[in-house]
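Shown below: final-v9.txt, with compact mmCIF, C-alpha atoms.
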# COMPACT_ATOMS: atom_id res chain seq x y z
CA GLU A 1 45.70 107.45 72.42
CA VAL A 2 47.88 104.33 72.66
CA PRO A 3 47.31 101.43 70.23
CA LYS A 4 46.37 98.33 72.15
CA ALA A 5 49.51 96.53 70.99
CA LEU A 6 51.61 99.20 72.70
CA LEU A 7 49.79 99.22 76.04
CA PRO A 8 52.44 98.88 78.75
CA VAL A 9 52.86 95.65 80.69
CA ALA A 10 55.64 96.19 83.24
CA ASN A 11 56.60 99.25 81.18
CA ARG A 12 56.97 97.19 78.00
CA PRO A 13 54.47 97.09 75.10
CA VAL A 14 52.25 94.04 75.39
CA LEU A 15 53.14 93.07 71.82
CA SER A 16 56.75 92.53 72.90
CA TYR A 17 55.71 89.47 74.91
CA VAL A 18 54.24 87.83 71.80
CA LEU A 19 57.18 88.71 69.57
CA GLU A 20 59.75 87.38 71.99
CA GLN A 21 57.96 84.06 72.41
CA LEU A 22 57.84 83.71 68.62
CA GLU A 23 61.53 84.55 68.43
CA LEU A 24 62.33 81.91 71.07
CA SER A 25 60.53 79.33 68.90
CA ASN A 26 62.61 80.47 65.89
CA ILE A 27 59.51 81.87 64.16
CA LYS A 28 60.98 85.04 62.71
CA ASP A 29 59.08 85.81 59.48
CA LEU A 30 56.08 87.72 60.78
CA ILE A 31 53.23 89.89 59.62
CA VAL A 32 51.82 92.21 62.29
CA VAL A 33 48.31 93.28 61.34
CA VAL A 34 47.12 96.56 62.86
CA GLU A 35 43.74 98.28 62.59
CA GLY A 36 44.03 101.88 61.41
CA ALA A 37 46.83 103.67 59.56
CA ASP A 38 47.94 105.86 62.49
CA ALA A 39 48.18 102.91 64.86
CA ALA A 40 50.07 100.89 62.26
CA LEU A 41 52.63 103.68 61.87
CA ARG A 42 53.23 103.80 65.61
CA VAL A 43 53.44 100.02 65.97
CA GLY A 44 55.73 99.78 62.95
CA GLY A 45 58.02 102.49 64.28
CA TRP A 46 58.35 100.75 67.63
CA ILE A 47 59.04 97.35 66.03
CA SER A 48 61.71 98.83 63.74
CA ALA A 49 63.54 100.29 66.72
CA ALA A 50 63.13 97.36 69.11
CA TYR A 51 63.66 94.36 66.82
CA VAL A 52 66.06 95.53 64.13
CA ASP A 53 68.25 92.62 62.93
CA ARG A 54 66.25 90.22 65.13
CA LEU A 55 62.97 89.60 63.31
CA HIS A 56 61.70 90.05 59.77
CA VAL A 57 58.42 91.87 60.35
CA GLU A 58 55.97 93.36 57.88
CA VAL A 59 53.33 95.68 59.33
CA ALA A 60 50.02 95.53 57.46
CA THR A 61 47.22 98.04 57.87
CA VAL A 62 43.57 96.97 57.77
CA PRO A 63 40.40 99.04 58.34
CA GLU A 64 39.12 99.37 61.88
CA ASP A 65 36.51 96.87 63.10
CA VAL A 66 37.30 94.47 60.26
CA GLY A 67 37.57 91.51 62.64
CA THR A 68 40.24 88.84 62.86
CA ALA A 69 38.93 86.82 59.91
CA GLY A 70 38.55 90.00 57.87
CA ALA A 71 42.11 90.98 58.71
CA LEU A 72 43.46 87.63 57.48
CA ARG A 73 41.32 87.90 54.37
CA ALA A 74 42.92 91.27 53.65
CA ILE A 75 46.49 89.93 53.86
CA ALA A 76 45.85 86.47 52.40
CA HIS A 77 47.99 87.20 49.33
CA HIS A 78 51.03 87.60 51.65
CA LEU A 79 50.61 84.10 53.09
CA THR A 80 52.56 81.45 51.17
CA ALA A 81 53.64 78.76 53.66
CA LYS A 82 51.79 75.46 53.95
CA ASP A 83 50.88 76.26 57.57
CA VAL A 84 50.41 79.63 59.24
CA LEU A 85 50.38 80.54 62.92
CA VAL A 86 47.94 83.23 64.05
CA VAL A 87 48.49 84.81 67.47
CA SER A 88 46.59 87.62 69.13
CA GLY A 89 48.82 90.62 69.83
CA ASP A 90 47.43 90.90 73.35
CA LEU A 91 48.46 87.41 74.53
CA VAL A 92 50.92 87.29 77.43
CA SER A 93 52.12 83.72 77.78
CA ASP A 94 55.16 81.53 78.27
CA VAL A 95 53.69 78.67 76.22
CA PRO A 96 56.13 78.01 73.33
CA PRO A 97 54.38 78.70 70.00
CA GLY A 98 56.66 76.06 68.50
CA ALA A 99 54.93 73.42 70.61
CA VAL A 100 51.59 74.36 69.05
CA THR A 101 52.93 74.19 65.50
CA ALA A 102 54.64 70.85 66.24
CA ALA A 103 51.37 69.34 67.45
CA HIS A 104 49.61 70.74 64.39
CA ARG A 105 52.04 69.08 61.98
CA ARG A 106 52.15 65.84 63.94
CA HIS A 107 48.40 65.41 63.51
CA ASP A 108 48.27 66.80 59.97
CA ALA A 109 45.40 68.99 61.18
CA VAL A 110 43.55 71.76 59.38
CA VAL A 111 43.57 73.78 62.60
CA THR A 112 45.16 73.42 66.02
CA ALA A 113 43.93 75.77 68.74
CA MET A 114 45.80 76.43 71.95
CA ILE A 115 43.59 76.34 75.02
CA CYS A 116 44.55 77.07 78.59
CA SER A 117 43.07 77.40 82.05
CA VAL A 118 40.81 80.35 82.73
CA PRO A 119 42.71 83.12 84.62
CA VAL A 120 42.11 83.18 88.34
CA SER A 121 40.64 86.69 88.20
CA GLY A 122 37.40 85.31 86.83
CA LEU A 123 35.70 83.48 84.00
CA SER A 124 34.35 86.60 82.36
CA GLU A 125 36.09 87.98 79.28
CA ALA A 126 35.32 91.50 80.42
CA GLY A 127 35.11 93.17 83.77
CA SER A 128 35.97 96.21 85.79
CA SER A 129 39.15 96.82 87.69
CA GLY A 130 37.65 96.33 91.13
CA ALA A 131 39.03 93.48 93.20
CA LYS A 132 35.49 92.70 94.34
CA ASP A 133 34.75 91.43 90.81
CA LYS A 134 37.02 88.44 91.46
CA THR A 135 34.41 86.95 93.78
CA LYS A 136 31.56 87.18 91.30
CA LYS A 137 30.41 84.21 89.28
CA PRO A 138 29.73 85.39 85.73
CA GLY A 139 27.22 83.43 83.71
CA ARG A 140 29.14 83.22 80.43
CA TYR A 141 31.75 80.58 79.72
CA ASN A 142 33.74 78.93 76.97
CA ILE A 143 32.38 75.42 76.50
CA ILE A 144 34.98 73.15 74.92
CA GLY A 145 34.44 69.52 73.95
CA MET A 146 37.34 67.12 73.33
CA ASP A 147 37.80 63.45 72.60
CA PRO A 148 38.98 61.20 75.47
CA THR A 149 42.63 61.58 74.38
CA LYS A 150 42.28 65.40 74.62
CA GLN A 151 43.89 65.82 71.23
CA PHE A 152 40.91 66.61 69.01
CA LEU A 153 38.51 69.52 69.27
CA LEU A 154 34.94 68.30 68.90
CA HIS A 155 32.86 71.25 70.10
CA ILE A 156 33.43 74.88 70.98
CA ALA A 157 31.03 77.59 72.10
CA THR A 158 32.47 80.92 73.22
CA GLY A 159 30.58 83.15 75.59
CA ALA A 160 27.91 80.50 76.11
CA GLU A 161 25.49 80.54 79.01
CA LEU A 162 25.45 77.35 81.03
CA GLU A 163 21.84 77.95 81.98
CA LYS A 164 20.86 77.31 78.35
CA ASP A 165 20.95 74.01 76.50
CA THR A 166 24.16 73.14 74.69
CA ARG A 167 23.65 71.35 71.39
CA ILE A 168 26.20 68.69 70.38
CA ARG A 169 26.27 67.19 66.88
CA LYS A 170 25.13 63.55 66.86
CA SER A 171 27.62 62.60 64.14
CA ILE A 172 30.51 63.64 66.37
CA LEU A 173 29.16 61.72 69.37
CA ARG A 174 28.59 58.60 67.29
CA ALA A 175 32.08 58.78 65.81
CA VAL A 176 33.99 59.40 69.03
CA GLY A 177 31.83 57.46 71.48
CA GLN A 178 32.28 59.90 74.33
CA MET A 179 33.22 63.53 74.78
CA ASP A 180 34.91 65.48 77.57
CA ILE A 181 33.03 68.78 78.07
CA ARG A 182 34.96 71.53 79.88
CA ALA A 183 33.92 74.99 81.03
CA ASP A 184 37.14 75.82 82.87
CA LEU A 185 39.26 76.36 79.76
CA MET A 186 39.56 79.27 77.35
CA ASP A 187 40.58 79.74 73.75
CA ALA A 188 43.92 81.58 73.98
CA HIS A 189 43.62 82.85 70.39
CA MET A 190 46.75 81.08 69.14
CA TYR A 191 45.93 78.98 66.08
CA ALA A 192 47.95 76.95 63.59
CA PHE A 193 46.06 76.69 60.29
CA ASN A 194 46.54 74.75 57.10
CA ARG A 195 46.83 77.76 54.81
CA SER A 196 44.91 76.34 51.83
CA VAL A 197 42.01 75.33 54.05
CA LEU A 198 41.97 78.70 55.81
CA GLN A 199 42.04 80.49 52.46
CA GLU A 200 39.17 78.39 51.14
CA VAL A 201 36.99 79.10 54.18
CA LEU A 202 37.71 82.84 54.05
CA ASP A 203 36.88 82.91 50.32
CA GLN A 204 33.70 80.84 50.55
CA LYS A 205 32.40 82.34 53.79
CA ASP A 206 32.82 86.02 53.01
CA LYS A 207 30.59 87.05 55.92
CA PHE A 208 32.87 85.42 58.50
CA GLN A 209 34.55 88.16 60.52
CA SER A 210 35.95 86.38 63.58
CA LEU A 211 38.35 83.46 63.75
CA LYS A 212 37.15 82.60 67.24
CA GLN A 213 33.41 82.92 66.70
CA ASP A 214 33.06 82.05 63.01
CA VAL A 215 35.99 80.21 61.39
CA LEU A 216 37.01 77.88 64.23
CA PRO A 217 33.46 76.69 65.10
CA TYR A 218 32.75 76.14 61.40
CA LEU A 219 35.82 73.94 60.96
CA VAL A 220 34.96 72.00 64.13
CA ARG A 221 31.35 71.44 63.04
CA SER A 222 32.30 70.26 59.56
CA GLN A 223 35.27 68.02 60.35
CA LEU A 224 33.38 64.80 59.59
CA LYS A 225 31.79 66.06 56.39
CA SER A 226 34.50 68.20 54.88
CA GLU A 227 33.98 69.73 51.46
CA ILE A 228 36.82 72.22 51.83
CA LEU A 229 39.98 72.18 49.80
CA ILE A 230 42.84 69.94 50.92
CA ASN A 231 46.11 70.49 49.09
CA GLY A 232 44.38 72.50 46.40
CA ALA A 233 41.51 70.10 45.56
CA PRO A 234 38.21 69.17 47.23
CA GLN A 235 38.50 65.92 49.13
CA GLY A 236 35.78 64.36 47.05
CA GLN A 237 37.70 65.24 43.88
CA GLN A 238 40.94 63.99 45.42
CA ALA A 239 39.22 60.68 46.19
CA LYS A 240 38.17 60.17 42.55
CA GLU A 241 41.66 61.00 41.34
CA ASN A 242 43.01 58.26 43.60
CA GLY A 243 40.86 55.71 41.78
CA ASN A 244 37.70 53.76 42.58
CA ASP A 245 36.27 56.75 44.50
CA LYS A 246 38.37 55.81 47.54
CA VAL A 247 39.53 58.51 49.92
CA SER A 248 43.28 58.50 50.49
CA TYR A 249 44.21 58.84 54.16
CA ARG A 250 47.15 57.93 56.38
CA ILE A 251 47.40 56.83 59.99
CA LEU A 252 50.00 58.63 62.06
CA ALA A 253 53.18 56.61 62.31
CA ASN A 254 53.52 57.27 66.04
CA ALA A 255 49.91 56.47 66.88
CA SER A 256 49.14 53.10 68.43
CA THR A 257 45.57 53.13 67.13
CA PRO A 258 43.81 55.15 64.44
CA SER A 259 42.05 58.32 65.52
CA PHE A 260 38.28 58.46 65.36
CA HIS A 261 38.67 60.44 62.12
CA GLU A 262 40.37 57.49 60.37
CA LEU A 263 37.90 54.99 61.82
CA TYR A 264 34.98 57.13 60.71
CA ALA A 265 36.47 57.41 57.22
CA LEU A 266 36.57 53.60 56.92
CA GLY A 267 32.80 53.37 57.03
CA PRO A 268 30.53 51.16 59.15
CA ASN A 269 31.89 47.81 57.91
CA GLY A 270 35.56 48.76 58.19
CA SER A 271 36.07 48.30 54.46
CA ALA A 272 37.53 50.76 51.98
CA PRO A 273 37.37 54.37 53.20
CA VAL A 274 34.46 56.25 51.69
CA ARG A 275 33.93 59.22 54.00
CA ARG A 276 35.61 62.58 54.11
CA THR A 277 37.15 64.02 57.26
CA HIS A 278 39.59 66.65 58.43
CA LYS A 279 41.14 67.10 61.85
CA CYS A 280 40.64 69.92 64.32
CA CYS A 281 43.11 69.60 67.17
CA VAL A 282 43.90 71.24 70.48
CA TYR A 283 47.10 71.96 72.31
CA ILE A 284 46.37 72.19 76.04
CA ALA A 285 48.79 74.41 77.92
CA SER A 286 50.09 73.01 81.18
CA ASN A 287 48.61 74.48 84.36
CA SER A 288 52.13 75.55 85.29
CA LYS A 289 52.27 77.85 82.27
CA TYR A 290 51.12 81.48 82.27
CA CYS A 291 48.51 82.37 79.66
CA VAL A 292 46.30 85.47 79.83
CA ARG A 293 44.90 87.82 77.19
CA LEU A 294 44.84 91.54 77.77
CA ASN A 295 41.23 91.96 76.71
CA SER A 296 39.75 93.92 79.64
CA ILE A 297 40.71 96.52 82.22
CA GLN A 298 40.76 93.79 84.85
CA ALA A 299 43.10 91.67 82.74
CA PHE A 300 45.36 94.68 82.13
CA MET A 301 45.80 95.20 85.85
CA ASP A 302 46.16 91.49 86.62
CA ILE A 303 48.82 90.98 83.96
CA ASN A 304 50.83 93.98 85.11
CA ARG A 305 50.84 92.69 88.67
CA ASP A 306 51.58 89.10 87.60
CA VAL A 307 54.53 90.01 85.40
CA ILE A 308 56.25 91.76 88.31
CA GLY A 309 54.97 89.11 90.73
CA GLU A 310 54.38 85.40 90.29
CA ALA A 311 55.16 85.46 86.54
CA ASN A 312 58.20 87.71 86.79
CA HIS A 313 60.21 85.37 84.55
CA LEU A 314 58.25 86.91 81.67
CA SER A 315 59.33 90.46 82.43
CA GLY A 316 62.90 90.18 81.23
CA TYR A 317 64.10 92.32 84.15
CA ASN A 318 66.54 91.57 86.94
CA PHE A 319 64.80 91.91 90.30
CA SER A 320 66.47 93.39 93.35
CA ALA A 321 67.03 91.66 96.68
CA GLN A 322 63.72 93.25 97.76
CA ASN A 323 62.02 91.49 94.81
CA ASN A 324 61.18 94.73 93.03
CA ILE A 325 62.46 96.79 90.10
CA ILE A 326 63.60 100.37 90.69
CA HIS A 327 65.33 102.00 87.77
CA PRO A 328 68.74 103.45 88.68
CA SER A 329 67.62 106.91 87.53
CA ALA A 330 64.53 106.93 89.77
CA GLU A 331 64.59 109.11 92.90
CA LEU A 332 63.02 108.21 96.24
CA GLY A 333 62.32 110.68 99.03
CA SER A 334 63.00 110.18 102.71
CA LYS A 335 61.10 107.29 104.36
CA THR A 336 59.55 106.28 101.03
CA THR A 337 59.07 102.53 100.59
CA VAL A 338 58.62 100.52 97.40
CA GLY A 339 57.46 97.04 98.34
CA PRO A 340 58.04 93.69 96.68
CA HIS A 341 56.30 93.01 93.35
CA CYS A 342 56.53 96.70 92.43
CA MET A 343 58.16 98.57 89.57
CA LEU A 344 59.36 102.17 89.37
CA GLY A 345 60.28 103.35 85.90
CA GLU A 346 63.08 105.41 84.45
CA GLY A 347 63.37 109.02 85.59
CA SER A 348 60.43 108.90 88.00
CA GLN A 349 60.57 110.84 91.25
CA MET A 350 58.77 110.21 94.55
CA GLY A 351 58.56 112.57 97.51
CA ASP A 352 58.90 111.81 101.20
CA LYS A 353 56.89 109.23 103.16
CA CYS A 354 55.33 107.56 100.12
CA SER A 355 54.26 103.92 99.95
CA VAL A 356 53.98 101.71 96.84
CA LYS A 357 52.56 98.18 97.05
CA ARG A 358 51.95 95.68 94.22
CA SER A 359 51.96 98.44 91.60
CA VAL A 360 53.68 99.50 88.40
CA ILE A 361 54.76 103.13 88.01
CA GLY A 362 55.87 104.23 84.58
CA ARG A 363 58.60 106.53 83.28
CA HIS A 364 59.17 110.17 84.21
CA CYS A 365 56.36 110.41 86.74
CA ARG A 366 56.33 113.12 89.41
CA ILE A 367 54.82 111.92 92.69
CA GLY A 368 54.54 114.19 95.72
CA SER A 369 54.87 113.40 99.41
CA ASN A 370 52.62 111.20 101.55
CA VAL A 371 51.24 109.38 98.51
CA LYS A 372 49.95 105.79 98.71
CA VAL A 373 49.74 103.63 95.58
CA VAL A 374 48.29 100.13 96.02
CA ASN A 375 47.35 97.53 93.37
CA SER A 376 47.51 100.12 90.62
CA VAL A 377 49.12 100.91 87.27
CA VAL A 378 50.46 104.41 86.73
CA MET A 379 51.61 105.03 83.16
CA ASN A 380 54.20 107.54 81.88
CA HIS A 381 54.54 111.27 82.61
CA VAL A 382 51.86 111.25 85.32
CA THR A 383 51.88 113.94 88.00
CA ILE A 384 50.43 113.08 91.42
CA GLY A 385 50.09 115.74 94.11
CA ASP A 386 50.81 115.45 97.83
CA GLY A 387 48.59 113.29 100.02
CA CYS A 388 46.92 111.30 97.25
CA SER A 389 45.63 107.76 97.80
CA ILE A 390 45.32 105.47 94.76
CA GLN A 391 43.92 101.94 95.07
CA GLY A 392 43.03 99.43 92.36
CA SER A 393 43.21 102.07 89.63
CA VAL A 394 44.76 102.78 86.24
CA ILE A 395 46.19 106.27 85.67
CA CYS A 396 46.92 106.83 81.99
CA SER A 397 49.87 108.77 80.62
CA ASN A 398 50.01 112.56 81.09
CA ALA A 399 47.23 112.66 83.68
CA GLN A 400 47.66 115.07 86.59
CA LEU A 401 46.15 114.51 90.02
CA GLN A 402 46.14 117.48 92.36
CA GLU A 403 46.61 117.28 96.14
CA ARG A 404 44.66 114.85 98.35
CA VAL A 405 42.88 113.07 95.52
CA ALA A 406 41.52 109.68 96.62
CA LEU A 407 40.87 107.12 93.89
CA LYS A 408 39.55 103.62 94.33
CA ASP A 409 38.81 101.24 91.44
CA CYS A 410 39.05 104.02 88.85
CA GLN A 411 40.41 104.51 85.37
CA VAL A 412 41.74 108.02 84.73
CA LEU A 413 42.08 108.64 81.01
CA SER A 414 44.01 111.33 79.19
CA LEU A 415 41.57 112.56 76.57
CA SER A 416 43.82 115.37 75.37
CA THR A 417 47.17 116.43 76.75
CA SER A 418 46.31 116.12 80.42
CA VAL A 419 43.56 115.47 82.92
CA PHE A 420 43.27 117.42 86.16
CA LEU A 421 41.48 115.97 89.15
CA SER A 422 40.98 117.67 92.49
CA LEU A 423 38.81 116.15 95.21
CA SER A 424 38.58 116.61 98.94
CA SER A 425 40.50 114.18 101.12
CA ASN A 426 37.35 112.23 102.09
CA GLU A 427 35.77 112.08 98.63
CA TYR A 428 36.13 109.17 96.21
CA LEU A 429 35.79 109.31 92.47
Output the file's structure in the form of structure tokens.
Amino acid sequence: EVPKALLPVANRPVLSYVLEQLELSNIKDLIVVVEGADAALRVGGWISAAYVDRLHVEVATVPEDVGTAGALRAIAHHLTAKDVLVVSGDLVSDVPPGAVTAAHRRHDAVVTAMICSVPVSGLSEAGSSGAKDKTKKPGRYNIIGMDPTKQFLLHIATGAELEKDTRIRKSILRAVGQMDIRADLMDAHMYAFNRSVLQEVLDQKDKFQSLKQDVLPYLVRSQLKSEILINGAPQGQQAKENGNDKVSYRILANASTPSFHELYALGPNGSAPVRRTHKCCVYIASNSKYCVRLNSIQAFMDINRDVIGEANHLSGYNFSAQNNIIHPSAELGSKTTVGPHCMLGEGSQMGDKCSVKRSVIGRHCRIGSNVKVVNSVVMNHVTIGDGCSIQGSVICSNAQLQERVALKDCQVLSLSTSVFLSLSSNEYL
């Protein structure tokens, strides 16, 4: 019942992490695109309350399951700047978006994609909440090819299987000479686009629904034989207007040597440029930066633990001397311990002899005595009876667990107003 953008990460909506990074980069004119009218109303209401006088945000509603490319197609008439930045609302990162846009403009690229290291929890883009999944070796990867300078994106295949052959375009290999193929990086779904090029692709390729799976690979494949619009005119037409059918191009002022795009455009004899190119670039986040998408139950749990743990600088909270966060209004019973890297939300109450380790507990929860919560996320208004044991689980808002419930690697959903669970002390759900 909660829109994905409002899912809590350390008791804050996940969208807040994106908005605050944009604000820090002085990117304040935003369009937040939400699937479904009801979800858009809730997201819009939260943004109005949380970011009044801080950001200029328009909330646009698109049909459900329209896809990221379809969503941009629906709001294209609102986009007027030369370049646009597209960020997934589920990205939790401390990579400055301004660094991505700066790289994009420096290279005069049609698209610049931010890529980062694969999260330590696994290479899969989906998985369960069980810790045992971290030891598995999933067979699907993002395969990313770059030039030797690691500035230009030459090949991308998302969700590819390494057991199968990977096809690389000969024209790219001939132009660049060599390619660095990586399977330990992921597309973070932060893109800077040249707006006119993006608009042209969305108009011409009306069946494209995904930026990641359709638009980006298409731009990468076609970068040495571009027929798309540049500055309002096809490159071939622009060449004729420049006289003698020569393509106008410029070499970056701060570059010591031309990129392979410029060299390719010159032709085989190095004479007048006759070929058409556009640039697809990458911005590689430093390994010291945090960059994870909340696109699975496993990622939801990992991010919650990270933001109150190793990546606590993202949380925006002041941590106690015990390296945890306990709201002043929370109540703890006798001999109850809340360990480091834990969070206890506003108005929550815990009984006697409880133990909380590496977990987030939301607002206004009622937790009985002798309860153990380990590696778990408990959302708002949850009631937990005496003697319960919760490990590696997500308990959604308004759920109610009766006495001596034992949960391990579970997700308890609230399908209506509440969910009641009652199991014997030696039974696991």
Residue among A:Gln213, A:Ser296, A:Thr383, A:Ser329 lying closest to Gly345 in chain A, counting only C-alpha atoms: A:Ser329
Residues within 10 Å of Leu173 in chain A, only C-alpha atoms, excluding chain neighbours under 6 positions, as a VMD selection string: chain A and resid 147 154 179
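If all atoms listed in the file are the atoms counted, then among A:Ser88, A:Ser222, A:Asn312, A:Thr68 the closest residue to Val9 in chain A is A:Asn312.
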Separation of CA of Ala60 in chain A from CA of Ile31 in chain A in Å: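 Result for CA of Ile31 in chain A versus CA of Ala60 in chain A: 6.8 Å, one decimal.
In this structure, CA of Gly67 in chain A sits 13.1 Å away from CA of His189 in chain A.
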Between CA of Lys207 in chain A and CA of Val220 in chain A, distance in Å (one decimal):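 These two atoms are separated by 17.7 Å.
Closest approach to Ala192 in chain A among A:Thr112, A:Thr277, A:Gln402, A:Thr61: A:Thr112, based on only C-alpha atoms.
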Taking a cut-off of 8 Å and counting all atoms listed in the file, can you build a table that, for each residue of range 28-126 of chain A near range 280-292 of chain A, reports the nearest atom pair and how far apart they are in Å (one decimal), sorted by chain then residue number, as a Markdown table?
| residue | atom | partner | partner_atom | distance |
| --- | --- | --- | --- | --- |
| A:Leu91 | CA | A:Val292 | CA | 6.0 |
| A:Val92 | CA | A:Val292 | CA | 5.5 |
| A:Ser93 | CA | A:Cys291 | CA | 4.3 |
| A:Asp94 | CA | A:Tyr290 | CA | 5.7 |
| A:Val95 | CA | A:Lys289 | CA | 6.3 |
| A:Val100 | CA | A:Tyr283 | CA | 6.0 |
| A:Ala103 | CA | A:Tyr283 | CA | 7.0 |
| A:His104 | CA | A:Cys281 | CA | 7.2 |
| A:His107 | CA | A:Cys281 | CA | 7.7 |
| A:Ala109 | CA | A:Cys280 | CA | 5.8 |
| A:Val110 | CA | A:Cys280 | CA | 6.0 |
| A:Val111 | CA | A:Cys280 | CA | 5.1 |
| A:Thr112 | CA | A:Cys281 | CA | 4.5 |
| A:Ala113 | CA | A:Val282 | CA | 4.9 |
| A:Met114 | CA | A:Tyr283 | CA | 4.7 |
| A:Ile115 | CA | A:Ile284 | CA | 5.1 |
| A:Cys116 | CA | A:Ala285 | CA | 5.0 |
| A:Ser117 | CA | A:Asn287 | CA | 6.7 |
| A:Pro119 | CA | A:Val292 | CA | 6.4 |
Keeping C-alpha atoms, export the residues of the selection given above as a PDB file, in the coordinates of the input.
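Done, and the output landed in out-v1.pdb:
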ATOM      1  CA  LEU A  91      48.460  87.410  74.530  1.00  0.00           C
ATOM      2  CA  VAL A  92      50.920  87.290  77.430  1.00  0.00           C
ATOM      3  CA  SER A  93      52.120  83.720  77.780  1.00  0.00           C
ATOM      4  CA  ASP A  94      55.160  81.530  78.270  1.00  0.00           C
ATOM      5  CA  VAL A  95      53.690  78.670  76.220  1.00  0.00           C
ATOM      6  CA  VAL A 100      51.590  74.360  69.050  1.00  0.00           C
ATOM      7  CA  ALA A 103      51.370  69.340  67.450  1.00  0.00           C
ATOM      8  CA  HIS A 104      49.610  70.740  64.390  1.00  0.00           C
ATOM      9  CA  HIS A 107      48.400  65.410  63.510  1.00  0.00           C
ATOM     10  CA  ALA A 109      45.400  68.990  61.180  1.00  0.00           C
ATOM     11  CA  VAL A 110      43.550  71.760  59.380  1.00  0.00           C
ATOM     12  CA  VAL A 111      43.570  73.780  62.600  1.00  0.00           C
ATOM     13  CA  THR A 112      45.160  73.420  66.020  1.00  0.00           C
ATOM     14  CA  ALA A 113      43.930  75.770  68.740  1.00  0.00           C
ATOM     15  CA  MET A 114      45.800  76.430  71.950  1.00  0.00           C
ATOM     16  CA  ILE A 115      43.590  76.340  75.020  1.00  0.00           C
ATOM     17  CA  CYS A 116      44.550  77.070  78.590  1.00  0.00           C
ATOM     18  CA  SER A 117      43.070  77.400  82.050  1.00  0.00           C
ATOM     19  CA  PRO A 119      42.710  83.120  84.620  1.00  0.00           C
TER      20      PRO A 119
END
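Comparing A:Ser25, A:His381, A:Val394, A:Ala10 by their smallest distance to Ala311 in chain A, the closest is A:Ala10 (using only C-alpha atoms).
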Protein and nucleic acid residues near (55.8, 103.2, 102.4) (cut-off 9 Å, all atoms listed in the file) as a list in words: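 Output: Lys335, Thr336, Thr337, Val338, Gly339, Lys353, Cys354, Ser355, Val356, Lys357, Asn370, Val371 and Lys372 of chain A.
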Gly98 in chain A surroundings by only C-alpha atoms, 10 Å radius, close-in-sequence under 6 positions cut, as a list of chain:residue names: A:Gln21, A:Leu22, A:Glu23, A:Leu24, A:Ser25, A:Asn26, A:Ile27, A:Leu85, A:His104
Among the residues A:Asp29, A:Ala188, A:Val377, A:Cys365, the one that comes closest to Gln400 in chain A [using all atoms listed in the file]: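 Among A:Asp29, A:Ala188, A:Val377, A:Cys365, it is A:Cys365 that comes nearest to Gln400 in chain A.
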